[in-house]
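Shown here: run.cif, mmCIF, C-alpha atoms and all ligand atoms.
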data_coords
loop_
_atom_site.label_atom_id
_atom_site.label_comp_id
_atom_site.auth_asym_id
_atom_site.auth_seq_id
_atom_site.Cartn_x
_atom_site.Cartn_y
_atom_site.Cartn_z
CA MET A 1 -4.37 -6.31 -24.82
CA THR A 2 -4.01 -2.54 -24.75
CA LYS A 3 -3.54 -1.13 -21.28
CA THR A 4 -5.58 1.90 -20.33
CA ILE A 5 -3.84 4.55 -18.26
CA LEU A 6 -5.75 7.41 -16.67
CA VAL A 7 -3.76 10.66 -16.45
CA ILE A 8 -5.18 13.20 -13.97
CA GLU A 9 -3.10 16.33 -14.48
CA ASP A 10 -4.25 19.93 -14.88
CA GLU A 11 -1.12 21.40 -16.45
CA PRO A 12 -1.62 21.07 -20.24
CA ALA A 13 2.07 20.99 -21.19
CA ILE A 14 2.85 18.21 -18.73
CA ALA A 15 -0.27 16.24 -19.64
CA ASP A 16 0.51 16.49 -23.37
CA ASN A 17 4.01 15.14 -22.82
CA ILE A 18 2.77 12.23 -20.75
CA ILE A 19 0.01 11.35 -23.20
CA TYR A 20 2.40 11.47 -26.13
CA ALA A 21 4.86 9.22 -24.32
CA LEU A 22 2.11 6.76 -23.35
CA LYS A 23 0.80 6.52 -26.90
CA THR A 24 4.32 6.00 -28.21
CA GLU A 25 4.67 3.05 -25.86
CA GLY A 26 1.39 1.53 -27.04
CA PHE A 27 -0.72 2.46 -24.02
CA GLU A 28 -4.19 3.90 -24.26
CA PRO A 29 -4.22 7.14 -22.26
CA VAL A 30 -7.35 8.82 -20.90
CA HIS A 31 -6.89 12.38 -19.68
CA CYS A 32 -8.74 14.38 -17.01
CA THR A 33 -7.87 17.75 -15.51
CA THR A 34 -9.88 17.58 -12.27
CA GLY A 35 -10.27 15.09 -9.46
CA LYS A 36 -14.01 14.96 -9.93
CA ASP A 37 -13.74 13.98 -13.60
CA GLY A 38 -10.99 11.54 -12.71
CA LEU A 39 -13.17 9.78 -10.17
CA GLU A 40 -15.95 9.45 -12.70
CA VAL A 41 -13.56 7.76 -15.13
CA VAL A 42 -12.33 5.46 -12.35
CA ASN A 43 -15.93 4.39 -11.76
CA LYS A 44 -16.70 3.82 -15.41
CA LEU A 45 -13.62 2.46 -17.16
CA THR A 46 -11.38 -0.53 -16.71
CA LEU A 47 -8.03 0.99 -15.86
CA ASN A 48 -4.62 -0.59 -15.59
CA LEU A 49 -2.93 2.34 -13.88
CA ILE A 50 -3.48 5.96 -12.81
CA VAL A 51 -0.99 8.82 -13.07
CA LEU A 52 -2.20 11.28 -10.47
CA ASP A 53 -1.04 14.86 -9.97
CA ILE A 54 -1.23 15.91 -6.32
CA GLY A 55 -1.98 19.58 -6.99
CA LEU A 56 -5.35 19.48 -8.76
CA PRO A 57 -7.71 22.45 -9.01
CA ASP A 58 -10.62 20.88 -7.11
CA LEU A 59 -9.15 18.43 -4.62
CA SER A 60 -5.79 17.04 -3.64
CA GLY A 61 -4.40 13.93 -5.27
CA PHE A 62 -4.01 12.48 -1.76
CA GLU A 63 -7.74 12.73 -1.10
CA LEU A 64 -8.53 11.27 -4.49
CA CYS A 65 -6.14 8.39 -3.92
CA LYS A 66 -7.81 7.59 -0.59
CA THR A 67 -11.22 7.53 -2.25
CA ILE A 68 -10.00 5.32 -5.09
CA ARG A 69 -8.27 2.97 -2.65
CA LYS A 70 -11.53 2.23 -0.89
CA ALA A 71 -12.79 0.52 -3.98
CA SER A 72 -9.82 -0.47 -6.06
CA ASP A 73 -6.21 -1.64 -5.99
CA VAL A 74 -5.40 -0.05 -9.35
CA PRO A 75 -1.73 1.07 -9.31
CA ILE A 76 -1.25 4.80 -8.77
CA ILE A 77 1.81 6.93 -9.57
CA PHE A 78 1.79 10.37 -7.97
CA LEU A 79 3.18 13.44 -9.69
CA THR A 80 4.46 16.11 -7.39
CA ALA A 81 6.23 19.43 -7.64
CA ARG A 82 6.98 19.80 -3.94
CA SER A 83 9.39 18.03 -1.68
CA ASP A 84 7.07 18.18 1.33
CA GLU A 85 4.56 16.20 -0.72
CA VAL A 86 7.24 13.58 -1.32
CA ASP A 87 7.62 13.29 2.44
CA ARG A 88 3.92 12.55 2.74
CA ILE A 89 3.96 9.99 -0.04
CA VAL A 90 6.94 8.19 1.41
CA GLY A 91 6.12 8.64 5.07
CA LEU A 92 2.43 7.82 5.15
CA GLU A 93 0.42 4.96 3.88
CA ILE A 94 -1.37 7.02 1.26
CA GLY A 95 -1.73 4.04 -1.02
CA GLY A 96 0.32 5.14 -4.03
CA ASP A 97 2.66 2.72 -5.76
CA ASP A 98 5.33 5.18 -6.86
CA TYR A 99 5.91 8.89 -7.49
CA MET A 100 7.70 11.22 -9.88
CA THR A 101 9.01 14.66 -8.99
CA LYS A 102 8.47 17.42 -11.53
CA PRO A 103 10.18 18.07 -13.84
CA PHE A 104 10.61 14.49 -15.00
CA SER A 105 11.27 12.78 -18.29
CA PRO A 106 8.20 11.15 -19.80
CA ARG A 107 10.37 8.19 -20.75
CA GLU A 108 11.29 7.70 -17.13
CA LEU A 109 7.59 7.75 -16.29
CA THR A 110 6.70 5.12 -18.90
CA ALA A 111 9.59 2.97 -17.65
CA ARG A 112 8.17 3.17 -14.11
CA ILE A 113 4.69 2.39 -15.41
CA LYS A 114 5.94 -0.73 -17.15
CA ALA A 115 7.79 -1.83 -14.02
CA ILE A 116 4.68 -1.39 -11.88
CA LEU A 117 2.46 -3.21 -14.36
CA ARG A 118 4.91 -6.12 -14.39
CA ARG A 119 4.91 -6.18 -10.61
CA THR A 120 1.17 -5.85 -10.11
CA GLY A 121 0.01 -7.88 -13.08
CA ASN A 122 -2.75 -9.75 -11.24
CA LYS A 123 -4.25 -6.69 -9.63
CA SER A 124 -5.46 -5.18 -12.87
CA SER A 125 -7.38 -8.31 -13.87
CA GLU A 126 -9.09 -8.20 -10.48
CA ILE A 127 -10.15 -4.64 -11.21
CA GLN A 128 -11.39 -5.56 -14.66
CA LEU A 129 -13.71 -8.07 -13.05
CA ASP A 130 -15.06 -5.40 -10.74
CA GLN A 131 -15.40 -2.81 -13.45
CA ASN A 132 -17.27 -5.19 -15.72
CA LEU A 133 -19.92 -5.57 -13.07
CA GLN A 134 -20.26 -1.87 -12.78
CA GLN A 135 -21.11 -0.32 -16.07
CA THR A 136 -23.34 2.47 -14.91
CA SER A 137 -22.57 4.80 -12.09
CA PRO A 138 -25.53 5.79 -9.91
CA LYS A 139 -27.02 8.90 -11.45
CA HIS A 140 -28.98 10.16 -8.47
CA PHE A 141 -26.02 10.32 -6.11
CA LEU A 142 -23.27 12.90 -5.97
CA ILE A 143 -20.36 12.90 -3.57
CA ASP A 144 -18.57 16.04 -2.51
CA ASN A 145 -15.63 14.49 -0.74
CA THR A 146 -14.02 17.78 0.16
CA LYS A 147 -17.05 18.72 2.26
CA MET A 148 -17.92 15.08 3.05
CA ILE A 149 -21.45 15.48 1.79
CA ILE A 150 -23.42 12.99 -0.27
CA TYR A 151 -26.32 14.35 -2.29
CA TYR A 152 -29.27 12.16 -3.24
CA HIS A 153 -31.63 13.52 -5.87
CA LYS A 154 -29.73 16.79 -5.46
CA LYS A 155 -30.53 16.97 -1.74
CA PRO A 156 -27.76 16.74 0.85
CA LEU A 157 -27.99 13.76 3.21
CA GLU A 158 -27.29 14.35 6.86
CA LEU A 159 -25.13 11.36 7.61
CA SER A 160 -23.00 10.39 10.56
CA ARG A 161 -19.36 9.58 9.86
CA TYR A 162 -19.99 5.83 9.64
CA GLU A 163 -23.09 6.26 7.53
CA TYR A 164 -21.21 8.51 5.14
CA LYS A 165 -18.37 6.06 4.81
CA ILE A 166 -20.62 3.05 4.30
CA LEU A 167 -22.59 4.81 1.58
CA GLU A 168 -19.41 6.13 -0.01
CA THR A 169 -18.03 2.59 -0.16
CA LEU A 170 -21.20 1.22 -1.73
CA LEU A 171 -21.32 4.11 -4.21
CA ALA A 172 -17.78 3.50 -5.39
CA HIS A 173 -18.84 0.08 -6.73
CA PRO A 174 -22.49 0.01 -7.69
CA GLY A 175 -23.82 -3.52 -8.01
CA ARG A 176 -20.98 -5.05 -6.07
CA VAL A 177 -22.01 -6.94 -2.94
CA PHE A 178 -20.10 -5.97 0.18
CA SER A 179 -20.19 -8.28 3.17
CA ARG A 180 -20.59 -6.78 6.63
CA SER A 181 -16.97 -7.57 7.28
CA GLN A 182 -15.82 -5.82 4.09
CA LEU A 183 -17.84 -2.74 4.96
CA MET A 184 -16.49 -2.77 8.46
CA HIS A 185 -12.90 -3.01 7.23
CA SER A 186 -13.30 -0.18 4.78
CA VAL A 187 -15.13 2.10 7.21
CA TRP A 188 -13.99 1.53 10.78
CA ASP A 189 -10.52 2.64 11.80
CA VAL A 190 -10.34 -0.33 14.15
CA PRO A 191 -12.57 -3.06 12.71
CA ASP A 192 -14.13 -5.26 15.35
CA VAL A 193 -15.90 -8.33 13.98
CA SER A 194 -18.00 -8.62 17.11
CA LEU A 195 -19.63 -5.36 16.04
CA GLU A 196 -20.50 -6.50 12.53
CA ARG A 197 -24.18 -6.25 13.34
CA SER A 198 -23.78 -2.52 13.85
CA VAL A 199 -23.22 -2.30 10.09
CA ASP A 200 -26.86 -3.38 9.80
CA SER A 201 -28.09 -0.59 12.02
CA HIS A 202 -26.07 2.01 10.15
CA ILE A 203 -27.46 0.69 6.84
CA LYS A 204 -30.94 0.89 8.30
CA SER A 205 -30.37 4.48 9.27
CA VAL A 206 -28.96 5.36 5.84
CA ARG A 207 -32.02 3.76 4.27
CA ASN A 208 -34.33 5.85 6.41
CA LYS A 209 -32.54 9.02 5.39
CA LEU A 210 -32.72 8.06 1.71
CA LYS A 211 -36.38 7.24 2.14
CA MET A 212 -37.10 10.70 3.49
CA ILE A 213 -35.98 12.06 0.12
CA LYS A 214 -37.51 9.37 -2.09
CA PRO A 215 -40.02 7.21 -0.20
CA GLN A 216 -40.90 4.70 -2.94
CA TYR A 217 -37.42 3.51 -3.81
CA ASP A 218 -34.71 1.73 -1.82
CA PRO A 219 -31.37 2.05 -3.63
CA ILE A 220 -29.66 -0.36 -1.22
CA GLU A 221 -30.16 -4.02 -1.87
CA THR A 222 -29.88 -6.64 0.87
CA ARG A 223 -28.41 -9.89 -0.40
CA ARG A 224 -29.25 -12.41 2.29
CA GLY A 225 -26.25 -14.35 3.45
CA PHE A 226 -23.90 -12.09 1.49
CA GLY A 227 -24.30 -8.45 2.40
CA TYR A 228 -25.30 -5.19 0.80
CA ALA A 229 -25.03 -3.60 -2.62
CA LEU A 230 -26.03 -0.34 -4.16
CA LYS A 231 -28.43 -0.89 -7.06
CA VAL A 232 -26.72 -0.02 -10.33
CA ASP A 233 -29.64 2.08 -11.55
CA SER A 234 -29.96 4.12 -8.35
CA CA A 301 -1.20 20.58 -10.89
#
Now, as a test, write the supplied structure out as structure tokens.
Ligand code: CA
Amino acid sequence: MTKTILVIEDEPAIADNIIYALKTEGFEPVHCTTGKDGLEVVNKLTLNLIVLDIGLPDLSGFELCKTIRKASDVPIIFLTARSDEVDRIVGLEIGGDDYMTKPFSPRELTARIKAILRRTGNKSSEIQLDQNLQQTSPKHFLIDNTKMIIYYHKKPLELSRYEYKILETLLAHPGRVFSRSQLMHSVWDVPDVSLERSVDSHIKSVRNKLKMIKPQYDPIETRRGFGYALKVDS
């Protein structure tokens, strides 16, 4: 089966080289030049790997990686032009699988990609399962993750940190049911299972805030005994 690789890179010459090399190796490349467009593709397509430039025009590749990691284990290779960025990739748990320093040879990149795909073979099938469940992204929500604002029907929601993170997690995978424990682990810095019920109160508060904008519709679904999901057609 053809493997789909998302390339998020704003420099045309570099992107062209990568895309050419990927096609030559039989991959199916998808190209975006901004983080925002990249995130949309991540939410819509089944991807096997992402090549992610750190210096993007709208947001940093680090931020984007963090957002992607909340919802998906898809392998990520960073592209960087700066050695201090390498320090961050190596030193912190950003969540990338590998990195390439510019300038690099596209053949070296495709070799790394193949190595990572061999190593993480099972992860991509897991993602395919998720992505199949999630064919539409919610049209009435918009996340500005540089300002940490979520818009609903074009109106900004005033959310606390936990509320923001819970909604962001649900939004990243519309239709997918998250248990209280899963939400807690993706949102709280120090998850405490004894506080799982507080997820409920945060959800309740998010619902109230959504309701103030659109009273007749509740985009969050409660699945009794399982958890919460964002309705796909929200
Ligand atoms: Ca760049």
Within 9 Å of ligand CA 301 (chain A), which residues of chain A show up? Give each one with its shortest atom-to-atom distance in Å (one decimal) and the two atoms involved, counting all atoms listed in the file, rows by chain then rising residue number, as a tab-separated table.
residue	atom	partner	partner_atom	distance
A:Ile8	CA	A:CA301	CA	8.9
A:Glu9	CA	A:CA301	CA	5.9
A:Asp10	CA	A:CA301	CA	5.1
A:Glu11	CA	A:CA301	CA	5.6
A:Thr33	CA	A:CA301	CA	8.6
A:Asp53	CA	A:CA301	CA	5.8
A:Ile54	CA	A:CA301	CA	6.5
A:Gly55	CA	A:CA301	CA	4.1
A:Leu56	CA	A:CA301	CA	4.8
A:Pro57	CA	A:CA301	CA	7.0
A:Leu79	CA	A:CA301	CA	8.5
A:Thr80	CA	A:CA301	CA	8.0
A:Ala81	CA	A:CA301	CA	8.2
- Message: Between CA of His31 in chain A and CA of Asp144 in chain A, what distance in Å does the model show, to one decimal?
- Response: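 According to the coordinates, CA of His31 in chain A and CA of Asp144 in chain A are separated by 21.1 Å.
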- How far is it from CA of Gly35 in chain A to CA of Thr2 in chain A, in Å with one decimal?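 If I compute the distance from CA of Gly35 in chain A to CA of Thr2 in chain A, I get 24.2 Å.
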- Can you list, as a PyMOL selection string, every protein, DNA or RNA residue that comes within 7 Å of range 170-187 of chain A when you count all atoms listed in the file, leaving out same-chain residues fewer than 4 positions away? chain A and resi 43+70-71+133-134+137-138+162+165-166+191+193+196+199+226-232
- Item | Atom pair CA of Asp37 in chain A / CA of Ser105 in chain A: separation (Å) | 25.5 Å
- Message: When you count only C-alpha atoms, which of these residues is closest to Pro103 in chain A: A:Leu49, A:Ala13, A:Val74, A:Lys44?
- Response: A:Ala13
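The closest residue to Ala115 in chain A, picked from A:Ser205, A:His140, A:Arg161, A:Ile77 and counting only C-alpha atoms, is A:Ile77.
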